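> Quick one: structure below, then a few questions.
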Amino acid sequence: MDLVFFGIQGSGKGTQARMLAEEFGYYIFEAGGELRKIKASGTELGETVKNYIDNGELVPFEIIMKVVKEAVGNVPEEQQILFDGIPRDLDQMNAFNTIMNTAGRELQCVHILLNKDEAVERIKSRAAIEGRADDADQEKVLRRMDLFVDKTMPVIKAYESAGKVIEVDGQGTVEEIYERIKSGISNA
């Protein structure tokens, strides 16, 4: 069963995804990382993606979904995929569901719950410790959090209605959260 990770910025999705991949061998599909890989590939699609990224523009929906479809098609059937950063809105969700259904892949969603104040504190400390530039700009961080609430929460609600969401408390240590995720997945 493939996994789709959701969580407000600062919820620790990336850390938890890497831990699951290490222990269980998931292939991590992280939307930004995949776009960067394709940009560097030298293919026609890579050149198109490169033009958007180099010009500071958002990569269009159709291209992002093409990247998802290509990645899903390239992962062996028996290899589980962990999706991080996709789908971000209802349009992406509909296209993503079609890609997954066509590929005959089942999915389960994990929503790491964390309140906004706690997330902001984590991001502040992460920016200070790791020097992450994308976390240093408070205004950008809050804008991304608002986008998550406005665009991605409806996706989570739709998956909840379909009985596909495991909610995990995002408070506590990395290890505590990881154990909750593993427990939630094994009980799904």
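Simple scheme: letters A, B, ... for chains in structure tokens order, numbers from 1 for residues in each chain, numbers from 1 for ligands in the order shown.
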Residues of segment 37-98 of chain A that approach segment 143-158 of chain A to 10 Å or less, counting only C-alpha atoms: could you list each one with the shortest pair of atoms and its distance in Å to one decimal, rows by chain and increasing residue number, as JSON lines?

```
{"residue": "A:Gly85", "atom": "CA", "partner": "A:Thr152", "partner_atom": "CA", "distance": 9.7}
{"residue": "A:Ile86", "atom": "CA", "partner": "A:Thr152", "partner_atom": "CA", "distance": 9.2}
{"residue": "A:Pro87", "atom": "CA", "partner": "A:Val155", "partner_atom": "CA", "distance": 7.6}
{"residue": "A:Arg88", "atom": "CA", "partner": "A:Thr152", "partner_atom": "CA", "distance": 5.0}
{"residue": "A:Asp89", "atom": "CA", "partner": "A:Lys151", "partner_atom": "CA", "distance": 4.9}
{"residue": "A:Leu90", "atom": "CA", "partner": "A:Val155", "partner_atom": "CA", "distance": 5.6}
{"residue": "A:Asp91", "atom": "CA", "partner": "A:Val155", "partner_atom": "CA", "distance": 9.2}
{"residue": "A:Gln92", "atom": "CA", "partner": "A:Val155", "partner_atom": "CA", "distance": 9.0}
{"residue": "A:Met93", "atom": "CA", "partner": "A:Val155", "partner_atom": "CA", "distance": 6.7}
{"residue": "A:Asn94", "atom": "CA", "partner": "A:Val155", "partner_atom": "CA", "distance": 9.4}
```
> Go ahead and save the picked residues with C-alpha atoms, as an mmCIF file, in the first residue's frame.

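result_8.cif, freshly written:
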```
data_model
loop_
_atom_site.group_PDB
_atom_site.id
_atom_site.type_symbol
_atom_site.label_atom_id
_atom_site.label_comp_id
_atom_site.auth_asym_id
_atom_site.auth_seq_id
_atom_site.Cartn_x
_atom_site.Cartn_y
_atom_site.Cartn_z
ATOM 1 C CA GLY A 85 3.926 17.278 -1.348
ATOM 2 C CA ILE A 86 1.296 15.890 -3.694
ATOM 3 C CA PRO A 87 -1.671 16.255 -4.077
ATOM 4 C CA ARG A 88 -1.780 19.845 -2.831
ATOM 5 C CA ASP A 89 -5.259 20.803 -4.046
ATOM 6 C CA LEU A 90 -8.487 19.201 -5.293
ATOM 7 C CA ASP A 91 -7.525 19.402 -8.985
ATOM 8 C CA GLN A 92 -4.258 17.600 -8.269
ATOM 9 C CA MET A 93 -6.118 15.070 -6.120
ATOM 10 C CA ASN A 94 -8.519 14.164 -8.929
#
```
> So that I can check the surroundings of segment 23-29 of chain A, please list as number ranges by chain every protein, DNA and RNA residue that reaches within 10 Å of it, counting only C-alpha atoms and ignoring chain neighbours fewer than 2 positions away.
A: 2-4, 14, 17-21, 31-34, 68, 71-72, 75-76, 79-86
> Going by DSSP on the backbone, which residues of segment 12-118 of chain A come out as alpha helix (DSSP H)? List them as a PyMOL selection string.
chain A and resi 13-24+31-39+44-54+61-74+90-102+116-118
> Suppose we keep C-alpha atoms; can you now write the selection as a PDB file, in the first residue's frame?

```
ATOM      1  CA  LYS A  13       6.733  14.986   7.254  1.00  0.00           C
ATOM      2  CA  GLY A  14      10.120  14.825   5.549  1.00  0.00           C
ATOM      3  CA  THR A  15      11.893  13.413   8.591  1.00  0.00           C
ATOM      4  CA  GLN A  16       9.203  10.782   9.151  1.00  0.00           C
ATOM      5  CA  ALA A  17       9.165   9.862   5.440  1.00  0.00           C
ATOM      6  CA  ARG A  18      12.933   9.275   5.449  1.00  0.00           C
ATOM      7  CA  MET A  19      12.653   7.080   8.563  1.00  0.00           C
ATOM      8  CA  LEU A  20       9.885   4.962   6.986  1.00  0.00           C
ATOM      9  CA  ALA A  21      11.850   4.675   3.736  1.00  0.00           C
ATOM     10  CA  GLU A  22      14.915   3.545   5.653  1.00  0.00           C
ATOM     11  CA  GLU A  23      13.065   0.923   7.679  1.00  0.00           C
ATOM     12  CA  PHE A  24      10.558  -0.334   5.094  1.00  0.00           C
ATOM     13  CA  ALA A  31       7.271  16.771  -5.622  1.00  0.00           C
ATOM     14  CA  GLY A  32       9.997  19.448  -5.487  1.00  0.00           C
ATOM     15  CA  GLY A  33      12.789  16.881  -5.565  1.00  0.00           C
ATOM     16  CA  GLU A  34      11.246  15.069  -8.543  1.00  0.00           C
ATOM     17  CA  LEU A  35      10.953  18.345 -10.465  1.00  0.00           C
ATOM     18  CA  ARG A  36      14.621  19.102  -9.758  1.00  0.00           C
ATOM     19  CA  LYS A  37      15.619  15.589 -10.962  1.00  0.00           C
ATOM     20  CA  ILE A  38      13.634  16.013 -14.175  1.00  0.00           C
ATOM     21  CA  LYS A  39      15.064  19.510 -14.669  1.00  0.00           C
ATOM     22  CA  GLU A  44      12.412  17.416 -23.437  1.00  0.00           C
ATOM     23  CA  LEU A  45      10.271  17.430 -20.280  1.00  0.00           C
ATOM     24  CA  GLY A  46      13.393  18.351 -18.302  1.00  0.00           C
ATOM     25  CA  GLU A  47      14.017  21.368 -20.524  1.00  0.00           C
ATOM     26  CA  THR A  48      10.406  22.523 -20.119  1.00  0.00           C
ATOM     27  CA  VAL A  49      10.578  22.175 -16.325  1.00  0.00           C
ATOM     28  CA  LYS A  50      13.978  23.932 -16.292  1.00  0.00           C
ATOM     29  CA  ASN A  51      12.516  26.951 -18.141  1.00  0.00           C
ATOM     30  CA  TYR A  52       9.729  27.371 -15.584  1.00  0.00           C
ATOM     31  CA  ILE A  53      12.004  26.919 -12.553  1.00  0.00           C
ATOM     32  CA  ASP A  54      14.794  29.134 -13.928  1.00  0.00           C
ATOM     33  CA  PHE A  61      -0.493  21.533 -13.179  1.00  0.00           C
ATOM     34  CA  GLU A  62      -0.331  19.419 -16.370  1.00  0.00           C
ATOM     35  CA  ILE A  63       3.446  19.107 -16.134  1.00  0.00           C
ATOM     36  CA  ILE A  64       3.398  18.242 -12.429  1.00  0.00           C
ATOM     37  CA  MET A  65       0.867  15.498 -13.106  1.00  0.00           C
ATOM     38  CA  LYS A  66       2.973  14.247 -16.035  1.00  0.00           C
ATOM     39  CA  VAL A  67       5.924  14.020 -13.616  1.00  0.00           C
ATOM     40  CA  VAL A  68       3.777  12.074 -11.112  1.00  0.00           C
ATOM     41  CA  LYS A  69       2.534   9.716 -13.837  1.00  0.00           C
ATOM     42  CA  GLU A  70       6.080   9.127 -15.117  1.00  0.00           C
ATOM     43  CA  ALA A  71       7.420   8.484 -11.598  1.00  0.00           C
ATOM     44  CA  VAL A  72       4.581   6.079 -10.723  1.00  0.00           C
ATOM     45  CA  GLY A  73       5.135   4.270 -14.043  1.00  0.00           C
ATOM     46  CA  ASN A  74       8.861   3.897 -13.340  1.00  0.00           C
ATOM     47  CA  LEU A  90      -8.487  19.201  -5.293  1.00  0.00           C
ATOM     48  CA  ASP A  91      -7.525  19.402  -8.985  1.00  0.00           C
ATOM     49  CA  GLN A  92      -4.258  17.600  -8.269  1.00  0.00           C
ATOM     50  CA  MET A  93      -6.118  15.070  -6.120  1.00  0.00           C
ATOM     51  CA  ASN A  94      -8.519  14.164  -8.929  1.00  0.00           C
ATOM     52  CA  ALA A  95      -5.688  13.729 -11.440  1.00  0.00           C
ATOM     53  CA  PHE A  96      -3.558  11.883  -8.841  1.00  0.00           C
ATOM     54  CA  ASN A  97      -6.418   9.452  -8.064  1.00  0.00           C
ATOM     55  CA  THR A  98      -6.792   8.716 -11.784  1.00  0.00           C
ATOM     56  CA  ILE A  99      -3.051   8.029 -12.132  1.00  0.00           C
ATOM     57  CA  MET A 100      -3.077   5.754  -9.077  1.00  0.00           C
ATOM     58  CA  ASN A 101      -6.227   3.875 -10.182  1.00  0.00           C
ATOM     59  CA  THR A 102      -4.848   3.380 -13.693  1.00  0.00           C
ATOM     60  CA  LYS A 116       0.129  26.387  13.754  1.00  0.00           C
ATOM     61  CA  ASP A 117       1.906  27.925  16.781  1.00  0.00           C
ATOM     62  CA  GLU A 118       3.906  24.760  17.448  1.00  0.00           C
TER      63      GLU A 118
END
```
> With only C-alpha atoms as the basis for distance, which of A:Gly56, A:Thr173, A:Val141, A:Phe6 is at the shortest distance from Ala119 of chain A?
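Comparing A:Gly56, A:Thr173, A:Val141, A:Phe6 against Ala119 of chain A, the winner is A:Val141.
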> Of the candidates A:Glu176, A:Glu106, A:Glu77, A:Glu130, which shows the shortest atom-to-atom distance to Lys164 of chain A, using only C-alpha atoms?
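Of all the options, A:Glu106 lies closest to Lys164 of chain A.
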> Do you know which residues are at most 9 Å from Ala136 of chain A counting only C-alpha atoms, after dropping those on the same chain fewer than 5 positions away, and could you put them as a list of chain:residue names?
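Neighbouring residues, sequence-local ones excluded: A:Ile123, A:Lys124, A:Arg126, A:Ala127, A:Ala128, A:Gly131, A:Val141.
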